[in-house]
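Coordinates from data35.txt are shown below (compact mmCIF, C-alpha atoms).
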```txt
# COMPACT_ATOMS: atom_id res chain seq x y z
CA VAL C 402 -15.93 39.16 28.04
CA ASP C 403 -15.53 36.27 30.45
CA ASN C 404 -18.45 33.83 30.58
CA TYR C 405 -19.15 34.45 34.25
CA LEU C 406 -18.98 38.22 33.82
CA ARG C 407 -21.23 38.02 30.74
CA GLU C 408 -23.89 35.97 32.56
CA GLN C 409 -23.76 38.29 35.56
CA GLN C 410 -24.13 41.38 33.40
CA LEU C 411 -26.94 39.87 31.29
CA PHE C 412 -28.81 39.01 34.47
CA ARG C 413 -28.45 42.55 35.73
CA PHE C 414 -29.40 43.90 32.27
CA ARG C 415 -32.64 41.93 32.23
CA ARG C 416 -33.54 43.20 35.66
CA LEU C 417 -32.86 46.78 34.56
CA VAL C 418 -34.84 46.53 31.34
CA ALA C 419 -37.72 44.43 32.71
CA PRO C 420 -37.49 44.61 36.51
CA HIS C 421 -39.51 42.33 38.74
CA GLU C 422 -42.27 43.78 40.81
CA GLY C 423 -40.81 45.96 43.54
CA GLU C 424 -37.38 46.18 41.79
CA PRO C 425 -37.22 49.54 39.95
CA GLY C 426 -34.81 49.87 37.02
CA SER C 427 -32.17 52.59 36.58
CA ARG C 428 -31.37 54.25 33.25
CA GLU C 429 -28.15 55.63 34.73
CA GLU C 430 -26.97 52.17 35.79
CA LEU C 431 -27.90 50.72 32.38
CA SER C 432 -25.86 53.43 30.67
CA ARG C 433 -22.85 52.78 32.92
CA MET C 434 -23.10 49.06 32.18
CA ARG C 435 -23.14 49.61 28.41
CA LYS C 436 -20.11 51.84 28.71
CA THR C 437 -18.23 49.22 30.80
CA ILE C 438 -19.02 46.46 28.32
CA ALA C 439 -17.92 48.57 25.36
CA GLU C 440 -14.65 49.55 27.08
CA ARG C 441 -13.87 45.94 28.04
CA MET C 442 -14.60 44.68 24.52
CA ALA C 443 -12.37 47.37 23.06
CA TRP C 444 -9.59 46.44 25.49
CA ARG C 445 -9.90 42.73 24.58
CA GLU C 446 -9.77 43.52 20.87
CA GLY C 447 -6.63 45.54 21.47
CA GLN C 448 -5.05 42.59 23.28
CA ARG C 449 -5.90 40.30 20.36
CA GLU C 450 -4.38 42.69 17.84
CA GLU C 451 -1.14 42.92 19.87
CA ALA C 452 -0.97 39.11 20.14
CA ARG C 453 -1.50 38.70 16.38
CA ALA C 454 1.17 41.28 15.64
CA ALA C 455 3.62 39.39 17.89
CA GLY C 456 2.74 36.06 16.27
CA ARG C 457 1.08 34.67 19.41
CA THR C 458 -2.31 33.02 19.82
CA PRO C 459 -4.63 35.57 21.43
CA ARG C 460 -5.53 34.81 25.03
CA ASN C 461 -8.98 33.25 25.51
CA ALA C 462 -9.33 32.92 21.74
CA VAL C 463 -11.53 30.05 20.58
CA PRO C 464 -9.59 28.21 17.87
CA GLY C 465 -11.10 26.43 14.93
CA PRO C 466 -10.13 22.89 13.96
CA THR C 467 -6.54 23.98 13.33
CA GLY C 468 -6.32 27.02 15.62
CA GLU C 469 -6.00 30.70 14.70
CA GLY C 470 -3.80 31.45 11.72
CA GLY C 471 -3.99 27.81 10.52
CA GLY C 472 -1.77 26.52 13.36
CA MET C 473 -2.65 23.61 15.62
CA SER C 474 -4.08 24.50 19.03
CA ALA C 475 -2.33 23.36 22.21
CA ALA C 476 -5.20 21.02 23.06
CA SER C 477 -5.08 19.43 19.59
CA LYS C 478 -1.33 18.92 19.91
CA ILE C 479 -1.75 17.23 23.28
CA ILE C 480 -4.48 14.94 21.93
CA ARG C 481 -2.42 14.04 18.87
CA THR C 482 0.72 13.42 20.97
CA ARG C 483 -1.14 11.13 23.34
CA ALA C 484 -2.72 9.21 20.47
CA GLU C 485 0.69 8.76 18.86
CA SER C 486 2.13 7.56 22.18
CA ARG C 487 -0.66 4.99 22.50
CA ARG C 488 0.01 3.75 18.97
CA LYS C 489 3.74 3.38 19.69
CA LEU C 490 3.02 1.55 22.94
CA ALA C 491 0.63 -0.85 21.20
CA SER C 492 3.24 -1.51 18.50
CA ALA C 493 5.94 -2.14 21.12
CA LEU C 494 3.67 -4.59 22.96
CA ASP C 495 2.99 -6.45 19.71
CA GLN C 496 6.74 -6.74 19.10
CA ILE C 497 7.29 -8.04 22.63
CA ARG C 498 4.59 -10.65 22.14
CA GLU C 499 6.25 -11.71 18.88
CA LEU C 500 9.63 -12.08 20.64
CA VAL C 501 8.05 -14.03 23.50
CA HIS C 502 6.38 -16.64 21.27
CA TYR C 503 8.21 -16.69 17.94
CA ASP C 504 11.72 -17.12 16.60
CA GLU C 505 12.83 -13.77 15.19
CA LEU C 506 14.74 -15.23 12.24
CA THR C 507 12.38 -17.87 10.89
CA GLY C 508 8.98 -16.86 12.27
CA ALA C 509 8.49 -20.36 13.74
CA PHE C 510 7.58 -20.89 17.38
CA ASN C 511 10.57 -20.49 19.66
CA ARG C 512 11.68 -23.26 22.01
CA ARG C 513 9.73 -21.97 25.01
CA SER C 514 6.44 -21.83 23.07
CA LEU C 515 7.14 -25.16 21.39
CA VAL C 516 7.61 -26.93 24.73
CA ALA C 517 4.49 -25.24 26.15
CA ARG C 518 2.42 -26.52 23.21
CA LEU C 519 3.95 -29.97 23.57
CA GLU C 520 2.82 -30.06 27.19
CA GLN C 521 -0.69 -29.01 26.12
CA GLU C 522 -0.80 -31.72 23.47
CA LEU C 523 0.45 -34.32 25.94
CA SER C 524 -2.31 -33.42 28.42
CA ARG C 525 -4.92 -33.52 25.66
CA SER C 526 -3.71 -36.94 24.48
CA GLN C 527 -3.80 -38.36 28.00
CA ARG C 528 -7.32 -37.03 28.43
CA THR C 529 -8.75 -38.07 25.05
CA HIS C 530 -6.42 -40.99 24.12
CA VAL C 531 -5.76 -39.36 20.74
CA PRO C 532 -2.21 -40.20 19.57
CA PHE C 533 0.43 -37.71 18.46
CA CYS C 534 4.09 -37.73 17.51
CA VAL C 535 7.13 -35.48 17.62
CA ALA C 536 9.56 -35.18 14.72
CA MET C 537 12.98 -33.57 15.16
CA LEU C 538 14.56 -32.08 12.02
CA ASP C 539 18.15 -30.98 11.53
CA LEU C 540 19.83 -29.43 8.48
CA ASP C 541 22.68 -31.61 7.21
CA ASN C 542 26.19 -30.10 7.09
CA PHE C 543 24.84 -26.65 7.98
CA LYS C 544 28.15 -25.58 9.50
CA GLU C 545 29.74 -25.88 6.06
CA VAL C 546 27.19 -23.38 4.67
CA ASN C 547 28.14 -20.84 7.32
CA ASP C 548 31.87 -21.47 6.92
CA ARG C 549 31.84 -21.30 3.11
CA TYR C 550 29.24 -18.62 2.39
CA GLY C 551 28.95 -16.68 5.65
CA HIS C 552 26.32 -16.38 8.34
CA GLY C 553 24.15 -14.12 6.17
CA LYS C 554 23.68 -16.94 3.68
CA GLY C 555 23.21 -19.35 6.58
CA ASP C 556 20.37 -17.21 7.92
CA ALA C 557 18.78 -17.13 4.46
CA VAL C 558 18.98 -20.95 4.29
CA LEU C 559 17.27 -21.26 7.69
CA ARG C 560 14.47 -18.94 6.58
CA GLY C 561 14.05 -20.85 3.32
CA PHE C 562 14.01 -24.17 5.11
CA ALA C 563 11.37 -22.96 7.60
CA ALA C 564 9.15 -21.72 4.77
CA ALA C 565 9.48 -24.98 2.79
CA ALA C 566 8.85 -27.12 5.87
CA GLN C 567 5.73 -25.25 6.90
CA ALA C 568 4.37 -25.38 3.36
CA ALA C 569 4.65 -29.19 3.44
CA MET C 570 2.82 -29.57 6.78
CA ARG C 571 -0.81 -29.78 7.72
CA LYS C 572 -2.40 -26.73 9.31
CA THR C 573 -2.89 -28.67 12.54
CA ASP C 574 0.82 -29.42 12.96
CA VAL C 575 2.94 -27.24 15.26
CA PHE C 576 6.37 -26.17 13.99
CA GLY C 577 9.13 -24.55 16.02
CA ARG C 578 12.84 -23.88 16.21
CA TYR C 579 14.35 -26.00 18.96
CA GLY C 580 17.84 -24.50 18.74
CA GLY C 581 20.42 -23.58 16.10
CA GLU C 582 19.60 -25.52 12.93
CA GLU C 583 17.43 -28.05 14.80
CA PHE C 584 13.64 -27.81 14.51
CA ALA C 585 10.69 -29.82 15.78
CA VAL C 586 7.18 -30.66 14.61
CA ILE C 587 4.32 -31.74 16.85
CA VAL C 588 2.32 -34.03 14.57
CA ARG C 589 -1.14 -33.89 16.12
CA GLY C 590 -3.62 -36.77 15.93
CA ALA C 591 -1.10 -38.97 14.16
CA ARG C 592 0.44 -42.40 14.50
CA LEU C 593 4.13 -43.03 13.87
CA THR C 594 3.59 -44.00 10.22
CA ASP C 595 1.88 -40.63 9.65
CA ALA C 596 4.81 -38.79 11.24
CA VAL C 597 7.28 -40.69 9.06
CA THR C 598 5.26 -39.79 5.96
CA LEU C 599 5.23 -36.13 6.96
CA GLY C 600 8.97 -36.23 7.71
CA ASN C 601 9.66 -37.51 4.21
CA GLN C 602 7.38 -34.90 2.67
CA ILE C 603 9.31 -32.14 4.41
CA ARG C 604 12.65 -33.76 3.53
CA GLU C 605 11.74 -33.96 -0.16
CA ALA C 606 10.36 -30.39 -0.22
CA VAL C 607 13.59 -29.03 1.24
CA GLN C 608 15.79 -31.11 -1.06
CA SER C 609 13.94 -29.79 -4.12
CA LYS C 610 15.10 -26.24 -3.33
CA LYS C 611 18.37 -25.07 -4.81
CA LEU C 612 20.97 -23.00 -3.03
CA VAL C 613 21.55 -20.09 -5.41
CA LYS C 614 24.13 -17.30 -5.39
CA LYS C 615 22.07 -14.15 -5.95
CA SER C 616 24.84 -12.06 -7.49
CA THR C 617 25.51 -14.52 -10.32
CA GLY C 618 22.53 -16.89 -10.30
CA ASP C 619 24.91 -19.84 -9.96
CA ILE C 620 23.52 -22.96 -8.25
CA LEU C 621 25.68 -23.73 -5.23
CA GLY C 622 24.01 -27.01 -4.31
CA THR C 623 21.05 -28.35 -2.35
CA ILE C 624 20.13 -28.58 1.29
CA THR C 625 19.14 -31.86 2.89
CA ILE C 626 17.77 -32.67 6.32
CA SER C 627 17.72 -35.62 8.69
CA VAL C 628 14.56 -36.47 10.62
CA GLY C 629 13.84 -38.43 13.78
CA ALA C 630 10.25 -39.27 14.76
CA ALA C 631 8.76 -40.78 17.92
CA GLU C 632 5.19 -41.51 18.99
CA PHE C 633 3.96 -40.46 22.43
CA GLY C 634 3.64 -43.31 24.91
CA PRO C 635 1.39 -43.58 27.98
CA ALA C 636 2.65 -41.69 31.05
CA GLU C 637 5.59 -40.35 29.05
CA SER C 638 6.99 -36.89 29.84
CA PRO C 639 7.66 -34.21 27.20
CA ALA C 640 11.39 -34.47 27.90
CA SER C 641 11.35 -38.24 27.36
CA LEU C 642 9.44 -37.95 24.08
CA ILE C 643 11.84 -35.32 22.74
CA GLN C 644 14.79 -37.42 23.86
CA ARG C 645 13.55 -40.44 21.90
CA ALA C 646 12.87 -38.34 18.78
CA ASP C 647 16.32 -36.81 19.13
CA ALA C 648 17.88 -40.24 19.37
CA CYS C 649 16.18 -41.15 16.09
CA LEU C 650 17.52 -37.94 14.56
CA TYR C 651 21.10 -38.86 15.43
CA ALA C 652 20.48 -42.38 14.14
CA ALA C 653 19.47 -40.78 10.83
CA LYS C 654 22.70 -38.76 10.83
CA ASN C 655 24.73 -41.91 11.46
CA ALA C 656 22.82 -43.73 8.72
CA GLY C 657 24.17 -41.28 6.11
CA ARG C 658 21.85 -38.24 6.55
CA ASN C 659 18.93 -37.21 4.32
CA CYS C 660 16.62 -39.86 5.75
CA VAL C 661 13.94 -40.42 8.42
CA MET C 662 14.35 -42.67 11.46
CA SER C 663 11.47 -43.51 13.79
CA MET C 664 10.77 -45.10 17.17
CA LEU C 665 7.63 -46.64 18.63
CA PRO C 666 6.70 -46.04 22.28
CA GLY C 667 8.82 -48.19 24.58
CA SER C 668 11.43 -48.84 21.87
CA GLN C 669 15.08 -48.11 22.40
CA SER C 670 16.26 -48.22 18.78
CA GLY C 671 15.08 -46.56 15.62
CA SER C 672 14.00 -47.94 12.28
CA ALA C 673 14.94 -46.33 9.00
CA ALA C 674 12.45 -44.90 6.56
CA ALA C 675 14.47 -43.29 3.78
```
Kindly return the structure encoded in the file as structure tokens.
Amino acid sequence: VDNYLREQQLFRFRRLVAPHEGEPGSREELSRMRKTIAERMAWREGQREEARAAGRTPRNAVPGPTGEGGGMSAASKIIRTRAESRRKLASALDQIRELVHYDELTGAFNRRSLVARLEQELSRSQRTHVPFCVAMLDLDNFKEVNDRYGHGKGDAVLRGFAAAAQAAMRKTDVFGRYGGEEFAVIVRGARLTDAVTLGNQIREAVQSKKLVKKSTGDILGTITISVGAAEFGPAESPASLIQRADACLYAAKNAGRNCVMSMLPGSQSGSAAA
């Protein structure tokens, strides 16, 4: 019977069986009540049997952990659906955050995040007078890799380069993809000589890797990079610092590639450090 009806009837039953002073009981009313309860319980049981026969969940049935007949209750389904929706939403948000901050192909910081961290480092250096440098890195003759072996192999080369470069860096350095096959490193707490040393370490690590054809195991060649490094100067903007490092990078290309060129603050020409 319904909860409200049950409570009402139990209250009346107690008053009939053990009436308060001045409230006489009634055997006839107690008998009628028992009969009504028995009839209603019989009717409910009949409804349950009909529902089971038709393969439906009986109305007002109280399901166990998996509902009557082993099936999942409607409430459990709703709870599970909502939990699954929350998990999917959280996963989607994580993917969006990844796309906002990182390059999808290489896993390095993307250009937007790289520039934001460069601005942070610039502010920190102006505040604390701790030096730092920027090194621009570019894969030599990368267009030939794409033209000869296809963009799939080109993507694999970029991923391999990013992994080798990051393995050669310090944990404090910030690495990002500036665009295409051009990358940048923010060398924190370093003078220009330190940035040149790091540039050569990355260059040698990349050159030690072989370009291999997976289907045959044949060695197709090696990949080399050119590097341009510049040290941050007082009152210099991020754009100016990148421009000077980029100028050193192109000087390295013009010097025959596979080398490092650097520039001190206030300088207009680069010096080689092969």
- Message: Set the distance at 7 Å and use only C-alpha atoms: which residues neighbour Ala631 in chain C once local chain neighbours fewer than 3 positions away are removed? I'd like the list as number ranges by chain.
- Response: C: 534-536, 593, 642, 645-646, 663-665
Keeping only C-alpha atoms, take the residues you just selected and write them out as a PDB file, keeping the file's coordinate frame.
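Final file, again32.pdb:
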```
ATOM      1  CA  CYS C 534       4.090 -37.730  17.510  1.00  0.00           C
ATOM      2  CA  VAL C 535       7.130 -35.480  17.620  1.00  0.00           C
ATOM      3  CA  ALA C 536       9.560 -35.180  14.720  1.00  0.00           C
ATOM      4  CA  LEU C 593       4.130 -43.030  13.870  1.00  0.00           C
ATOM      5  CA  LEU C 642       9.440 -37.950  24.080  1.00  0.00           C
ATOM      6  CA  ARG C 645      13.550 -40.440  21.900  1.00  0.00           C
ATOM      7  CA  ALA C 646      12.870 -38.340  18.780  1.00  0.00           C
ATOM      8  CA  SER C 663      11.470 -43.510  13.790  1.00  0.00           C
ATOM      9  CA  MET C 664      10.770 -45.100  17.170  1.00  0.00           C
ATOM     10  CA  LEU C 665       7.630 -46.640  18.630  1.00  0.00           C
TER      11      LEU C 665
END
```
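Restricting the calculation to all atoms listed in the file, the smallest distance between Glu605 in chain C and any of C:Ile620, C:Gly629, C:Val516, C:Phe562 is found for C:Phe562.
One finds CA of Lys572 in chain C at 17.8 Å from CA of Met537 in chain C.
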| task | Find the distance between CA of Lys611 in chain C and CA of Asp541 in chain C and write it in Å to one decimal. | result |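 Taking CA of Lys611 in chain C and CA of Asp541 in chain C, their separation equals 14.3 Å.
The interatomic distance for the pair CA of Ala596 in chain C and CA of Cys649 in chain C works out to 12.6 Å.
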Neighbours of point (11.9, -18.0, 15.0) within 10 Å, using all atoms listed in the file, written as a list in words: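 All residues meeting the 10 Å criterion around (11.9, -18.0, 15.0) are Glu499, Leu500, His502, Tyr503, Asp504, Glu505, Leu506, Thr507, Gly508, Ala509, Phe510, Asn511, Arg512, Leu559, Arg560, Ala563, Phe576, Gly577, Arg578, Tyr579, Gly580 and Phe584 of chain C.
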Judged by only C-alpha atoms, the minimum distance to Gln527 in chain C among C:Ala652, C:Ile438, C:Leu621, C:Ala636 is found for C:Ala636
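Here the question is which of C:Lys436, C:Lys478, C:Arg518, C:Arg604 gets nearest to Asn659 in chain C using only C-alpha atoms, and that residue is C:Arg604.
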If we count only C-alpha atoms, what is near Ser638 in chain C at a cut-off of 9 Å, once residues fewer than 5 positions away on the same chain are taken out, given as a list in words? Glu520, Leu523, Phe633 and Ile643 of chain C
Could you please take those selected residues and save C-alpha atoms as an mmCIF file, keeping the file's coordinate frame?
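Output file out_33.cif is given in full below:
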```
data_model
loop_
_atom_site.group_PDB
_atom_site.id
_atom_site.type_symbol
_atom_site.label_atom_id
_atom_site.label_comp_id
_atom_site.auth_asym_id
_atom_site.auth_seq_id
_atom_site.Cartn_x
_atom_site.Cartn_y
_atom_site.Cartn_z
ATOM 1 C CA GLU C 520 2.820 -30.060 27.190
ATOM 2 C CA LEU C 523 0.450 -34.320 25.940
ATOM 3 C CA PHE C 633 3.960 -40.460 22.430
ATOM 4 C CA ILE C 643 11.840 -35.320 22.740
#
```
Generate N, CA, C and O atoms for range 612-628 of chain C and emit them as a compact mmCIF listing (two decimals), in the coordinates of the input.
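Full text of rebuild_39.txt as output:
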```
# COMPACT_ATOMS: atom_id res chain seq x y z
N LEU C 612 20.22 -24.08 -3.67
CA LEU C 612 20.97 -23.00 -3.03
C LEU C 612 21.62 -22.17 -4.13
O LEU C 612 22.49 -22.65 -4.84
N VAL C 613 21.15 -20.92 -4.28
CA VAL C 613 21.55 -20.09 -5.41
C VAL C 613 22.32 -18.87 -4.93
O VAL C 613 21.95 -18.24 -3.93
N LYS C 614 23.38 -18.51 -5.66
CA LYS C 614 24.13 -17.30 -5.39
C LYS C 614 23.43 -16.14 -6.10
O LYS C 614 23.36 -16.10 -7.33
N LYS C 615 22.89 -15.20 -5.36
CA LYS C 615 22.07 -14.15 -5.95
C LYS C 615 22.84 -13.28 -6.94
O LYS C 615 22.30 -12.85 -7.95
N SER C 616 24.08 -12.99 -6.64
CA SER C 616 24.84 -12.06 -7.49
C SER C 616 25.09 -12.61 -8.88
O SER C 616 25.18 -11.86 -9.86
N THR C 617 25.20 -13.94 -9.01
CA THR C 617 25.51 -14.52 -10.32
C THR C 617 24.40 -15.46 -10.83
O THR C 617 24.37 -15.78 -12.02
N GLY C 618 23.55 -15.91 -9.91
CA GLY C 618 22.53 -16.89 -10.30
C GLY C 618 23.07 -18.31 -10.34
O GLY C 618 22.34 -19.24 -10.73
N ASP C 619 24.32 -18.50 -9.94
CA ASP C 619 24.91 -19.84 -9.96
C ASP C 619 24.28 -20.72 -8.88
O ASP C 619 24.00 -20.26 -7.76
N ILE C 620 24.05 -22.00 -9.21
CA ILE C 620 23.52 -22.96 -8.25
C ILE C 620 24.68 -23.51 -7.43
O ILE C 620 25.63 -24.10 -7.97
N LEU C 621 24.60 -23.31 -6.12
CA LEU C 621 25.68 -23.73 -5.23
C LEU C 621 25.48 -25.14 -4.70
O LEU C 621 26.42 -25.75 -4.19
N GLY C 622 24.27 -25.65 -4.80
CA GLY C 622 24.01 -27.01 -4.31
C GLY C 622 22.59 -27.11 -3.77
O GLY C 622 21.73 -26.28 -4.05
N THR C 623 22.35 -28.14 -2.97
CA THR C 623 21.05 -28.35 -2.35
C THR C 623 21.22 -28.54 -0.85
O THR C 623 22.32 -28.82 -0.37
N ILE C 624 20.14 -28.38 -0.15
CA ILE C 624 20.13 -28.58 1.29
C ILE C 624 19.33 -29.84 1.59
O ILE C 624 18.24 -30.05 1.03
N THR C 625 19.88 -30.66 2.46
CA THR C 625 19.14 -31.86 2.89
C THR C 625 18.96 -31.82 4.41
O THR C 625 19.66 -31.08 5.11
N ILE C 626 18.01 -32.61 4.88
CA ILE C 626 17.77 -32.67 6.32
C ILE C 626 17.67 -34.13 6.77
O ILE C 626 17.38 -35.03 5.97
N SER C 627 17.93 -34.33 8.05
CA SER C 627 17.72 -35.62 8.69
C SER C 627 16.57 -35.46 9.67
O SER C 627 16.41 -34.40 10.29
N VAL C 628 15.77 -36.54 9.80
CA VAL C 628 14.56 -36.47 10.62
C VAL C 628 14.49 -37.66 11.57
O VAL C 628 14.78 -38.80 11.17
```
